file entry_19.cif (mmCIF, C-alpha atoms)
data_protein
loop_
_atom_site.label_atom_id
_atom_site.label_comp_id
_atom_site.auth_asym_id
_atom_site.auth_seq_id
_atom_site.Cartn_x
_atom_site.Cartn_y
_atom_site.Cartn_z
CA MET J 28 5.04 -2.17 -21.07
CA PRO J 29 3.37 -4.23 -18.32
CA SER J 30 2.11 -2.67 -15.11
CA VAL J 31 4.08 -3.32 -11.94
CA VAL J 32 2.71 -4.51 -8.60
CA LYS J 33 4.32 -3.65 -5.29
CA ILE J 34 3.28 -5.58 -2.20
CA ASN J 35 4.54 -4.24 1.10
CA VAL J 36 4.37 -7.05 3.67
CA LEU J 37 3.90 -5.48 7.11
CA THR J 38 4.29 -7.53 10.29
CA VAL J 39 1.74 -6.08 12.70
CA PRO J 40 1.23 -7.26 16.28
CA ALA J 41 -2.44 -7.89 17.17
CA ALA J 42 -2.46 -4.90 19.54
CA GLN J 43 -1.42 -2.57 16.68
CA ARG J 44 -3.87 -3.74 13.99
CA GLU J 45 -6.46 -1.04 14.70
CA VAL J 46 -3.74 1.63 14.80
CA LEU J 47 -2.39 0.54 11.41
CA GLU J 48 -5.84 0.48 9.80
CA GLN J 49 -6.71 3.91 11.22
CA ARG J 50 -3.47 5.37 9.88
CA PHE J 51 -4.18 4.05 6.40
CA ALA J 52 -7.79 5.31 6.60
CA SER J 53 -6.55 8.78 7.58
CA ARG J 54 -4.34 8.83 4.47
CA ALA J 55 -7.21 7.94 2.13
CA GLY J 56 -6.67 9.74 -1.16
CA ALA J 57 -2.95 10.35 -0.57
CA VAL J 58 -1.74 8.08 -3.38
CA GLU J 59 -4.67 8.21 -5.80
CA GLY J 60 -3.52 11.41 -7.50
CA SER J 61 0.00 10.15 -8.15
CA ASP J 62 1.05 9.88 -11.79
CA GLY J 63 0.96 6.26 -12.92
CA PHE J 64 -0.99 4.99 -9.89
CA GLU J 65 -3.51 2.29 -10.84
CA TRP J 66 -4.75 0.48 -7.70
CA PHE J 67 -4.45 0.17 -3.89
CA GLU J 68 -5.66 -2.41 -1.39
CA LEU J 69 -4.87 -2.94 2.29
CA LEU J 70 -5.31 -6.65 3.03
CA ARG J 71 -5.95 -7.73 6.64
CA PRO J 72 -4.80 -11.23 7.62
CA VAL J 73 -7.64 -13.61 8.47
CA GLU J 74 -5.81 -16.45 10.17
CA GLY J 75 -2.38 -17.97 10.60
CA THR J 76 -0.28 -14.81 10.18
CA ASP J 77 0.28 -11.34 11.58
CA GLN J 78 1.23 -9.91 8.18
CA TYR J 79 -0.83 -7.28 6.39
CA LEU J 80 -0.34 -6.84 2.64
CA VAL J 81 -0.34 -3.35 1.13
CA TYR J 82 -1.01 -3.91 -2.58
CA THR J 83 -0.35 -1.13 -5.08
CA ARG J 84 -0.30 -1.31 -8.85
CA TRP J 85 1.58 1.17 -11.04
CA ARG J 86 1.81 1.93 -14.75
CA SER J 87 5.61 1.54 -14.56
CA GLU J 88 8.54 1.07 -12.20
CA GLU J 89 9.51 4.67 -12.90
CA ASP J 90 6.09 5.91 -11.70
CA PHE J 91 6.46 3.91 -8.48
CA GLN J 92 9.99 5.22 -7.89
CA ASN J 93 8.83 8.82 -8.48
CA TRP J 94 6.08 8.35 -5.89
CA MET J 95 8.57 6.81 -3.45
CA LYS J 96 10.91 9.81 -3.81
CA GLY J 97 8.10 12.36 -3.60
CA SER J 98 4.78 12.20 -1.80
CA MET J 99 5.33 8.84 -0.08
CA GLN J 100 8.56 10.01 1.51
CA ALA J 101 6.91 13.23 2.67
CA ALA J 102 3.95 11.33 4.17
CA HIS J 103 6.23 9.00 6.13
CA LYS J 104 8.21 11.95 7.50
CA GLY J 105 4.98 13.33 8.95
CA THR J 106 4.95 16.40 6.69
CA SER J 107 1.59 15.69 5.09
CA GLY J 108 -0.56 16.69 8.05
CA GLY J 109 -0.71 13.16 9.41
CA GLU J 110 -1.10 12.03 13.00
CA SER J 111 1.58 13.09 15.46
CA GLY J 112 2.49 11.96 18.93
CA GLU J 113 2.83 14.01 22.10
CA GLY J 114 4.83 17.21 21.72
CA GLY J 115 4.59 17.02 17.93
CA GLU J 116 6.80 13.93 17.76
CA ARG J 117 6.17 11.31 15.13
CA PRO J 118 4.08 8.34 16.36
CA GLN J 119 5.72 4.95 16.72
CA PRO J 120 5.29 2.59 13.74
CA ALA J 121 2.39 0.14 14.00
CA ALA J 122 4.36 -2.52 12.10
CA THR J 123 7.40 -4.29 13.52
CA GLY J 124 8.75 -5.31 10.11
CA SER J 125 8.37 -4.57 6.41
CA THR J 126 9.36 -6.38 3.20
CA LEU J 127 8.66 -5.11 -0.33
CA TRP J 128 7.79 -7.61 -3.06
CA SER J 129 7.84 -6.53 -6.73
CA PHE J 130 6.06 -8.12 -9.69
CA GLU J 131 5.25 -7.42 -13.33
CA VAL J 132 1.73 -8.14 -14.52
CA VAL J 133 1.96 -10.81 -17.23
CA GLN J 134 -1.69 -11.91 -17.31
CA GLN J 135 -4.92 -10.48 -15.97
CA ALA J 136 -8.65 -11.08 -16.17
CA SER J 137 -11.76 -9.22 -15.13
CA PRO J 138 -15.26 -10.58 -14.52
CA ALA J 139 -17.17 -11.52 -17.65
CA SER J 140 -20.00 -9.17 -18.56
CA PRO J 141 -23.40 -10.58 -17.63
CA ALA J 142 -25.34 -12.03 -20.54
CA SER J 143 -27.87 -9.66 -22.08
CA PRO J 144 -31.50 -10.60 -21.41
CA ALA J 145 -33.04 -12.37 -24.38
#
call {"tool": "encode", "arguments": {"input": "entry_19.cif", "output": "structure tokens"}}
result
Amino acid sequence: MPSVVKINVLTVPAAQREVLEQRFASRAGAVEGSDGFEWFELLRPVEGTDQYLVYTRWRSEEDFQNWMKGSMQAAHKGTSGGESGEGGERPQPAATGSTLWSFEVVQQASPASPASPA
């Protein structure tokens, strides 16, 4: 069964970029222990767009769905000890929009091993 890739496309105004990156940094380690989790990257736009890409790779669609129903949902409800606003209220989202793209891995490559010294 091929791995699945989920890319969450977040539209983030320039004024909110630092907030978004700090929120992800404060959650470091939150997904790594999830069953079936394989990889995470937060990709910052360089030019021409205000969209960040949140790349995750999972062993299966089922593993991703289990994470969505469990620890991810809890983290986004503010129950995982995350940042809170004044009076204990949840902070406003840093992103103004979100779209989820889904893919199956059909081919992959890794860097070739360096040649052994002769």
call {"tool": "closest_residue", "arguments": {"input": "entry_19.cif", "among": "J:Val81, J:Leu47, J:Ala55, J:Ala139", "to": "Pro118 (chain J)", "atoms": "only C-alpha atoms"}}
result
J:Leu47
call {"tool": "atom_distance", "arguments": {"input": "entry_19.cif", "atom1": "CA of Glu131 (chain J)", "atom2": "CA of Arg44 (chain J)"}}
result
29.0 Å
call {"tool": "closest_residue", "arguments": {"input": "entry_19.cif", "among": "J:Glu65, J:Arg71, J:Val132, J:Glu48", "to": "Met28 (chain J)", "atoms": "all atoms listed in the file"}}
result
J:Val132
call {"tool": "closest_residue", "arguments": {"input": "entry_19.cif", "among": "J:Asn35, J:Asp62, J:Ala142, J:Gln49", "to": "Gln92 (chain J)", "atoms": "all atoms listed in the file"}}
result
J:Asp62
call {"tool": "resolve_selection", "arguments": {"input": "entry_19.cif", "expression": "the PyMOL selection byres ((chain J and resi 64) around 12)", "output": "MDAnalysis selection string"}}
result
chainID J and resid 30:33 56:63 65:67 82:95
call {"tool": "residues_around", "arguments": {"input": "entry_19.cif", "residues": "Asp77 (chain J)", "least_positions_apart": "6", "cutoff": "8 Å", "atoms": "all atoms listed in the file", "output": "list in words"}}
result
Thr38, Val39, Pro40 and Ala41 of chain J
call {"tool": "write_last_selection", "arguments": {"input": "entry_19.cif", "atoms": "C-alpha atoms", "output": "PDB file, in the coordinates of the input"}}
result
ATOM      1  CA  THR J  38       4.290  -7.530  10.290  1.00  0.00           C
ATOM      2  CA  VAL J  39       1.740  -6.080  12.700  1.00  0.00           C
ATOM      3  CA  PRO J  40       1.230  -7.260  16.280  1.00  0.00           C
ATOM      4  CA  ALA J  41      -2.440  -7.890  17.170  1.00  0.00           C
TER       5      ALA J  41
END
call {"tool": "closest_residue", "arguments": {"input": "entry_19.cif", "among": "J:Ser129, J:Thr76, J:Gln119, J:Ser137", "to": "Arg50 (chain J)", "atoms": "all atoms listed in the file"}}
result
J:Gln119
call {"tool": "residues_near_point", "arguments": {"input": "entry_19.cif", "point": "(-1.0, -8.1, -0.5)", "cutoff": "8 Å", "atoms": "only C-alpha atoms", "output": "PyMOL selection string"}}
result
chain J and resi 34-36+68-70+79-82
call {"tool": "write_last_selection", "arguments": {"input": "entry_19.cif", "atoms": "C-alpha atoms", "output": "PDB file, in the frame of the given file"}}
result
ATOM      1  CA  ILE J  34       3.280  -5.580  -2.200  1.00  0.00           C
ATOM      2  CA  ASN J  35       4.540  -4.240   1.100  1.00  0.00           C
ATOM      3  CA  VAL J  36       4.370  -7.050   3.670  1.00  0.00           C
ATOM      4  CA  GLU J  68      -5.660  -2.410  -1.390  1.00  0.00           C
ATOM      5  CA  LEU J  69      -4.870  -2.940   2.290  1.00  0.00           C
ATOM      6  CA  LEU J  70      -5.310  -6.650   3.030  1.00  0.00           C
ATOM      7  CA  TYR J  79      -0.830  -7.280   6.390  1.00  0.00           C
ATOM      8  CA  LEU J  80      -0.340  -6.840   2.640  1.00  0.00           C
ATOM      9  CA  VAL J  81      -0.340  -3.350   1.130  1.00  0.00           C
ATOM     10  CA  TYR J  82      -1.010  -3.910  -2.580  1.00  0.00           C
TER      11      TYR J  82
END
call {"tool": "atom_distance", "arguments": {"input": "entry_19.cif", "atom1": "CA of Phe130 (chain J)", "atom2": "CA of Gly97 (chain J)"}}
result
21.5 Å
call {"tool": "atom_distance", "arguments": {"input": "entry_19.cif", "atom1": "CA of Pro29 (chain J)", "atom2": "CA of Pro141 (chain J)"}}
result
27.5 Å
call {"tool": "resolve_selection", "arguments": {"input": "entry_19.cif", "expression": "the PyMOL selection byres ((chain J and resi 121) around 6)", "output": "JSON, numbers by chain"}}
result
{"J": [43, 47, 120, 122]}
call {"tool": "closest_residue", "arguments": {"input": "entry_19.cif", "among": "J:Lys96, J:Leu37, J:Gln78, J:Glu45", "to": "Leu127 (chain J)", "atoms": "all atoms listed in the file"}}
result
J:Leu37
call {"tool": "build_atoms", "arguments": {"input": "entry_19.cif", "residues": "region 47-67 of chain J", "atoms": "N, CA, C and O atoms", "output": "CSV table (one decimal), in the frame of the given file"}}
result
chain,number,residue,atom,x,y,z
J,47,LEU,N,-2.8,0.6,12.8
J,47,LEU,CA,-2.4,0.5,11.4
J,47,LEU,C,-3.5,0.9,10.5
J,47,LEU,O,-3.4,1.7,9.6
J,48,GLU,N,-4.7,0.2,10.7
J,48,GLU,CA,-5.8,0.5,9.8
J,48,GLU,C,-6.3,1.9,9.9
J,48,GLU,O,-6.7,2.5,8.9
J,49,GLN,N,-6.3,2.5,11.1
J,49,GLN,CA,-6.7,3.9,11.2
J,49,GLN,C,-5.7,4.8,10.5
J,49,GLN,O,-6.2,5.8,9.9
J,50,ARG,N,-4.5,4.5,10.6
J,50,ARG,CA,-3.5,5.4,9.9
J,50,ARG,C,-3.7,5.3,8.4
J,50,ARG,O,-3.6,6.3,7.7
J,51,PHE,N,-3.9,4.1,7.8
J,51,PHE,CA,-4.2,4.0,6.4
J,51,PHE,C,-5.5,4.8,6.0
J,51,PHE,O,-5.5,5.5,5.0
J,52,ALA,N,-6.5,4.6,6.9
J,52,ALA,CA,-7.8,5.3,6.6
J,52,ALA,C,-7.6,6.8,6.6
J,52,ALA,O,-8.2,7.5,5.8
J,53,SER,N,-6.8,7.3,7.5
J,53,SER,CA,-6.6,8.8,7.6
J,53,SER,C,-5.8,9.3,6.4
J,53,SER,O,-5.8,10.5,6.1
J,54,ARG,N,-5.1,8.4,5.7
J,54,ARG,CA,-4.3,8.8,4.5
J,54,ARG,C,-5.1,8.6,3.2
J,54,ARG,O,-4.6,8.7,2.1
J,55,ALA,N,-6.4,8.2,3.3
J,55,ALA,CA,-7.2,7.9,2.1
J,55,ALA,C,-7.1,9.1,1.1
J,55,ALA,O,-7.2,10.2,1.5
J,56,GLY,N,-6.8,8.7,-0.1
J,56,GLY,CA,-6.7,9.7,-1.2
J,56,GLY,C,-5.2,10.2,-1.4
J,56,GLY,O,-5.0,10.9,-2.3
J,57,ALA,N,-4.3,9.8,-0.5
J,57,ALA,CA,-3.0,10.4,-0.6
J,57,ALA,C,-2.2,9.8,-1.8
J,57,ALA,O,-1.3,10.5,-2.3
J,58,VAL,N,-2.5,8.6,-2.3
J,58,VAL,CA,-1.7,8.1,-3.4
J,58,VAL,C,-2.5,8.2,-4.7
J,58,VAL,O,-1.9,8.2,-5.8
J,59,GLU,N,-3.8,8.3,-4.6
J,59,GLU,CA,-4.7,8.2,-5.8
J,59,GLU,C,-4.4,9.2,-6.9
J,59,GLU,O,-4.5,9.0,-8.1
J,60,GLY,N,-3.8,10.4,-6.5
J,60,GLY,CA,-3.5,11.4,-7.5
J,60,GLY,C,-2.1,11.3,-8.1
J,60,GLY,O,-1.8,12.1,-8.9
J,61,SER,N,-1.4,10.3,-7.7
J,61,SER,CA,0.0,10.2,-8.2
J,61,SER,C,0.0,9.7,-9.6
J,61,SER,O,-0.7,8.8,-10.0
J,62,ASP,N,0.9,10.3,-10.4
J,62,ASP,CA,1.0,9.9,-11.8
J,62,ASP,C,1.4,8.4,-11.9
J,62,ASP,O,2.4,8.0,-11.2
J,63,GLY,N,0.7,7.7,-12.7
J,63,GLY,CA,1.0,6.3,-12.9
J,63,GLY,C,0.3,5.3,-11.9
J,63,GLY,O,0.4,4.1,-12.1
J,64,PHE,N,-0.3,5.8,-10.9
J,64,PHE,CA,-1.0,5.0,-9.9
J,64,PHE,C,-2.2,4.3,-10.5
J,64,PHE,O,-3.0,5.0,-11.2
J,65,GLU,N,-2.4,3.0,-10.3
J,65,GLU,CA,-3.5,2.3,-10.8
J,65,GLU,C,-4.4,1.6,-9.8
J,65,GLU,O,-5.6,1.6,-10.0
J,66,TRP,N,-3.9,1.2,-8.7
J,66,TRP,CA,-4.8,0.5,-7.7
J,66,TRP,C,-4.1,0.4,-6.3
J,66,TRP,O,-2.9,0.4,-6.2
J,67,PHE,N,-4.9,0.3,-5.3
J,67,PHE,CA,-4.4,0.2,-3.9
J,67,PHE,C,-5.4,-0.7,-3.2
J,67,PHE,O,-6.6,-0.6,-3.3
